Amino acid sequence: INMKKIIISTTMVATLFSVQASAAMEGFIGIDAAYSNMDIKSTALVVSGTATASGVTLSAGDSFSYTSDGSDTAPVIKLGVIIDDTHRAYIKYGSWKDQGVKVVNTTANYDYLIKLNNTKLVPFIGVNAGYTKVEDEFDKMTGMTYGIQAGAIYPLGDGFEFEVNAGYSGYNADKTYTSPTINGTSSGVTFNNFVGSVKLEVESSTFISAGINYRF
């Protein structure tokens with residue numbers, strides 16, 4: 001993990017710890033099984049020259065986009081503190097892989113725990129921010145992630161609790177690839193002084209998870 005990339009996220013948690021230093025705090029650790037789905041947008045652009053296929057010619061400025069997705073179920077690890085049974089701050093790490101693409105997320109998270117009368121169930125809502133790395137066998141792109149989550153916790157006794165969680169994240173991660181000048185015909189496409197580029201952008205992701213926490 002590139003620690004410089006997540007300094008903002010860890011500072012958010014550290015600040016909350018220091019402000020609440022005199023409050024009643026419990027540490028906790030947890031592991032979830034999370035199903036994640038991520039959308040990646042690809043935009044192809046003709047920078048200069050032309051490309052002709054099946055009687056259709058694309059020239060400088062022409063572009064097209066499409067969105068692909070990847071998904072996987074993988075473990076997620078959490079470590080943090082619970083303050084006055086109302087605030088929860090923690091670092092969360094998860095990694096998953098689909099179709100040769102590996103995604104690594106490290107986020108700082110804050111949840112507000114909602115106490116309800118006459119029930120042990122504790123709903124929560126929260127936010128997160130952190131660092132994401134997306135890589136395949138050829139290259140990788142990195143950037144910041146930010147999102148929201150909501151769920152519920154049910155105590156099981158002896159410090160253990162069961163948690164379900166769902167969330168949505170946006171990203172600031174992209175990479176652009178540019179070709180050299182191409183002339184000739186390949187795979188039925190004729191290139192004339194062609195230069196093209198492809199921009200990959202991580203757009204958003206969703207997740208649902210369930211797991212066990214231990215408070216200490």
# chains A, B, ... in the order shown; residues from 1 in each chain; ligands from 1
>>> residues_around(residues="Gly49 in chain A", least_positions_apart="3", cutoff="12 Å", atoms="only C-alpha atoms", output="ChimeraX atom specification")
/A:45-46,52,57-62,179-184,190-196
>>> residues_around(residues="Asp39 in chain A", least_positions_apart="6", cutoff="10 Å", atoms="only C-alpha atoms", output="PDB file with C-alpha atoms, in the first residue's frame")
ATOM      1  CA  THR A  67     -18.636   0.868 -19.738  1.00  0.00           C
ATOM      2  CA  SER A  68     -17.538  -2.529 -18.478  1.00  0.00           C
ATOM      3  CA  ASP A  69     -17.886  -3.963 -15.004  1.00  0.00           C
ATOM      4  CA  GLY A  70     -16.115  -6.396 -12.761  1.00  0.00           C
ATOM      5  CA  SER A  71     -17.280  -8.139  -9.604  1.00  0.00           C
ATOM      6  CA  GLY A 170     -17.160   7.231  -6.415  1.00  0.00           C
ATOM      7  CA  GLU A 201     -11.830   5.808 -15.781  1.00  0.00           C
ATOM      8  CA  VAL A 202     -13.040   4.094 -12.641  1.00  0.00           C
ATOM      9  CA  GLU A 203     -16.545   5.512 -12.273  1.00  0.00           C
ATOM     10  CA  SER A 204     -18.269   3.921  -9.287  1.00  0.00           C
ATOM     11  CA  SER A 205     -18.759   0.755  -7.294  1.00  0.00           C
ATOM     12  CA  THR A 206     -21.294  -0.812  -4.968  1.00  0.00           C
TER      13      THR A 206
END
>>> residues_around(residues="Lys133 in chain A", least_positions_apart="6", cutoff="9 Å", atoms="only C-alpha atoms", output="list in words")
Ile1, Lys102, Val103, Val104, Asn105, Thr106, Lys140, Met141, Thr142, Gly143, Met144 and Ala173 of chain A
>>> write_last_selection(atoms="N, CA, C and O atoms", output="PDB file, in the first residue's frame")
ATOM      1  N   ILE A   1       0.841  -1.181   0.000  1.00  0.00           N
ATOM      2  CA  ILE A   1       0.000   0.000   0.000  1.00  0.00           C
ATOM      3  C   ILE A   1       0.885   1.242   0.000  1.00  0.00           C
ATOM      4  O   ILE A   1       1.833   1.335   0.750  1.00  0.00           O
ATOM      5  N   LYS A 102      -7.289  -6.581 -10.912  1.00  0.00           N
ATOM      6  CA  LYS A 102      -7.233  -6.615  -9.455  1.00  0.00           C
ATOM      7  C   LYS A 102      -7.527  -5.237  -8.897  1.00  0.00           C
ATOM      8  O   LYS A 102      -6.978  -4.238  -9.366  1.00  0.00           O
ATOM      9  N   VAL A 103      -8.394  -5.171  -7.892  1.00  0.00           N
ATOM     10  CA  VAL A 103      -8.781  -3.917  -7.250  1.00  0.00           C
ATOM     11  C   VAL A 103      -8.408  -3.992  -5.772  1.00  0.00           C
ATOM     12  O   VAL A 103      -8.740  -4.968  -5.091  1.00  0.00           O
ATOM     13  N   VAL A 104      -7.697  -2.964  -5.283  1.00  0.00           N
ATOM     14  CA  VAL A 104      -7.319  -2.884  -3.875  1.00  0.00           C
ATOM     15  C   VAL A 104      -7.859  -1.573  -3.318  1.00  0.00           C
ATOM     16  O   VAL A 104      -7.566  -0.501  -3.849  1.00  0.00           O
ATOM     17  N   ASN A 105      -8.645  -1.648  -2.257  1.00  0.00           N
ATOM     18  CA  ASN A 105      -9.217  -0.465  -1.602  1.00  0.00           C
ATOM     19  C   ASN A 105      -8.741  -0.375  -0.156  1.00  0.00           C
ATOM     20  O   ASN A 105      -8.825  -1.358   0.591  1.00  0.00           O
ATOM     21  N   THR A 106      -8.280   0.796   0.237  1.00  0.00           N
ATOM     22  CA  THR A 106      -7.949   1.080   1.632  1.00  0.00           C
ATOM     23  C   THR A 106      -8.643   2.390   1.997  1.00  0.00           C
ATOM     24  O   THR A 106      -8.363   3.421   1.390  1.00  0.00           O
ATOM     25  N   LYS A 140      -1.367  -0.217 -14.291  1.00  0.00           N
ATOM     26  CA  LYS A 140      -2.231   0.038 -13.150  1.00  0.00           C
ATOM     27  C   LYS A 140      -2.605   1.513 -13.124  1.00  0.00           C
ATOM     28  O   LYS A 140      -1.924   2.363 -13.713  1.00  0.00           O
ATOM     29  N   MET A 141      -3.705   1.836 -12.454  1.00  0.00           N
ATOM     30  CA  MET A 141      -4.092   3.219 -12.205  1.00  0.00           C
ATOM     31  C   MET A 141      -4.491   3.343 -10.750  1.00  0.00           C
ATOM     32  O   MET A 141      -4.998   2.390 -10.144  1.00  0.00           O
ATOM     33  N   THR A 142      -4.223   4.507 -10.187  1.00  0.00           N
ATOM     34  CA  THR A 142      -4.492   4.752  -8.780  1.00  0.00           C
ATOM     35  C   THR A 142      -5.233   6.068  -8.616  1.00  0.00           C
ATOM     36  O   THR A 142      -5.205   6.935  -9.501  1.00  0.00           O
ATOM     37  N   GLY A 143      -5.874   6.238  -7.488  1.00  0.00           N
ATOM     38  CA  GLY A 143      -6.582   7.485  -7.217  1.00  0.00           C
ATOM     39  C   GLY A 143      -7.324   7.410  -5.903  1.00  0.00           C
ATOM     40  O   GLY A 143      -7.247   6.420  -5.162  1.00  0.00           O
ATOM     41  N   MET A 144      -8.071   8.471  -5.609  1.00  0.00           N
ATOM     42  CA  MET A 144      -8.842   8.552  -4.372  1.00  0.00           C
ATOM     43  C   MET A 144     -10.240   7.973  -4.574  1.00  0.00           C
ATOM     44  O   MET A 144     -10.785   7.988  -5.676  1.00  0.00           O
ATOM     45  N   ALA A 173      -9.884   8.151 -10.330  1.00  0.00           N
ATOM     46  CA  ALA A 173      -8.789   7.313 -10.817  1.00  0.00           C
ATOM     47  C   ALA A 173      -8.956   7.106 -12.320  1.00  0.00           C
ATOM     48  O   ALA A 173     -10.004   6.636 -12.767  1.00  0.00           O
TER      49      ALA A 173
END
>>> residues_around(residues="range 167-169 of chain A", least_positions_apart="4", cutoff="7 Å", atoms="only C-alpha atoms", output="JSON list (two decimals) with N, CA, C and O atoms, in the first residue's frame")
[["chain", "number", "residue", "atom", "x", "y", "z"],
["A", 145, "THR", "N", -10.79, 7.48, -3.48],
["A", 145, "THR", "CA", -12.17, 7.00, -3.47],
["A", 145, "THR", "C", -12.91, 7.67, -2.31],
["A", 145, "THR", "O", -12.30, 8.07, -1.32],
["A", 146, "TYR", "N", -14.21, 7.79, -2.45],
["A", 146, "TYR", "CA", -15.04, 8.42, -1.43],
["A", 146, "TYR", "C", -16.44, 7.80, -1.54],
["A", 146, "TYR", "O", -16.89, 7.45, -2.64],
["A", 147, "GLY", "N", -17.11, 7.62, -0.40],
["A", 147, "GLY", "CA", -18.40, 6.96, -0.50],
["A", 147, "GLY", "C", -19.23, 7.06, 0.75],
["A", 147, "GLY", "O", -18.88, 7.72, 1.73],
["A", 148, "ILE", "N", -20.35, 6.37, 0.72],
["A", 148, "ILE", "CA", -21.29, 6.31, 1.83],
["A", 148, "ILE", "C", -21.63, 4.85, 2.09],
["A", 148, "ILE", "O", -21.49, 4.00, 1.20],
["A", 149, "GLN", "N", -22.06, 4.57, 3.32],
["A", 149, "GLN", "CA", -22.47, 3.22, 3.65],
["A", 149, "GLN", "C", -23.56, 3.25, 4.71],
["A", 149, "GLN", "O", -23.73, 4.25, 5.42],
["A", 150, "ALA", "N", -24.27, 2.16, 4.83],
["A", 150, "ALA", "CA", -25.31, 2.01, 5.84],
["A", 150, "ALA", "C", -25.46, 0.53, 6.15],
["A", 150, "ALA", "O", -25.17, -0.34, 5.31],
["A", 204, "SER", "N", -17.57, 4.13, -10.56],
["A", 204, "SER", "CA", -18.27, 3.92, -9.29],
["A", 204, "SER", "C", -18.25, 2.44, -8.94],
["A", 204, "SER", "O", -17.92, 1.58, -9.77],
["A", 205, "SER", "N", -18.61, 2.15, -7.70],
["A", 205, "SER", "CA", -18.76, 0.76, -7.29],
["A", 205, "SER", "C", -19.82, 0.66, -6.20],
["A", 205, "SER", "O", -20.13, 1.64, -5.52],
["A", 206, "THR", "N", -20.36, -0.52, -6.05],
["A", 206, "THR", "CA", -21.29, -0.81, -4.97],
["A", 206, "THR", "C", -20.83, -2.08, -4.26],
["A", 206, "THR", "O", -20.09, -2.89, -4.83],
["A", 207, "PHE", "N", -21.25, -2.25, -3.01],
["A", 207, "PHE", "CA", -20.91, -3.47, -2.30],
["A", 207, "PHE", "C", -22.00, -3.82, -1.30],
["A", 207, "PHE", "O", -22.74, -2.95, -0.82],
["A", 208, "ILE", "N", -22.09, -5.08, -0.98],
["A", 208, "ILE", "CA", -22.88, -5.58, 0.13],
["A", 208, "ILE", "C", -22.00, -6.57, 0.89],
["A", 208, "ILE", "O", -21.19, -7.27, 0.28]]
>>> residues_around(residues="Gly151 in chain A", least_positions_apart="6", cutoff="6 Å", atoms="only C-alpha atoms", output="list in words")
Pro123, Phe124, Val164 and Asn165 of chain A
>>> closest_residue(among="A:Asp98, A:Pro75, A:Ala53, A:Thr178", to="Asp32 in chain A", atoms="only C-alpha atoms")
A:Pro75
>>> select_by_dssp(residues="range 22-197 of chain A", states="strand (DSSP E)", output="PyMOL selection string")
chain A and resi 25-53+56-59+63-83+87-98+101-113+122-135+140-157+160-178+182-186+189-197
>>> atom_distance(atom1="CA of Val127 in chain A", atom2="CA of Thr73 in chain A")
21.6 Å
>>> decode(residues="range 190-216 of chain A", atoms="C-alpha atoms", output="compact mmCIF listing (two decimals), in the first residue's frame")
# COMPACT_ATOMS: atom_id res chain seq x y z
CA THR A 190 -7.18 0.88 -42.67
CA PHE A 191 -5.11 3.48 -40.84
CA ASN A 192 -3.82 6.67 -42.43
CA ASN A 193 -1.40 8.66 -40.22
CA PHE A 194 -3.57 7.50 -37.35
CA VAL A 195 -2.91 8.40 -33.70
CA GLY A 196 -5.46 7.26 -31.15
CA SER A 197 -5.91 7.31 -27.41
CA VAL A 198 -7.92 5.31 -24.89
CA LYS A 199 -8.86 6.76 -21.49
CA LEU A 200 -9.84 4.37 -18.70
CA GLU A 201 -11.83 5.81 -15.78
CA VAL A 202 -13.04 4.09 -12.64
CA GLU A 203 -16.54 5.51 -12.27
CA SER A 204 -18.27 3.92 -9.29
CA SER A 205 -18.76 0.76 -7.29
CA THR A 206 -21.29 -0.81 -4.97
CA PHE A 207 -20.91 -3.47 -2.30
CA ILE A 208 -22.88 -5.58 0.13
CA SER A 209 -21.24 -7.47 2.98
CA ALA A 210 -21.83 -9.53 6.08
CA GLY A 211 -19.37 -10.46 8.79
CA ILE A 212 -18.31 -10.77 12.40
CA ASN A 213 -16.70 -8.11 14.63
CA TYR A 214 -14.96 -8.52 17.97
CA ARG A 215 -14.92 -5.63 20.47
CA PHE A 216 -12.08 -5.38 22.97
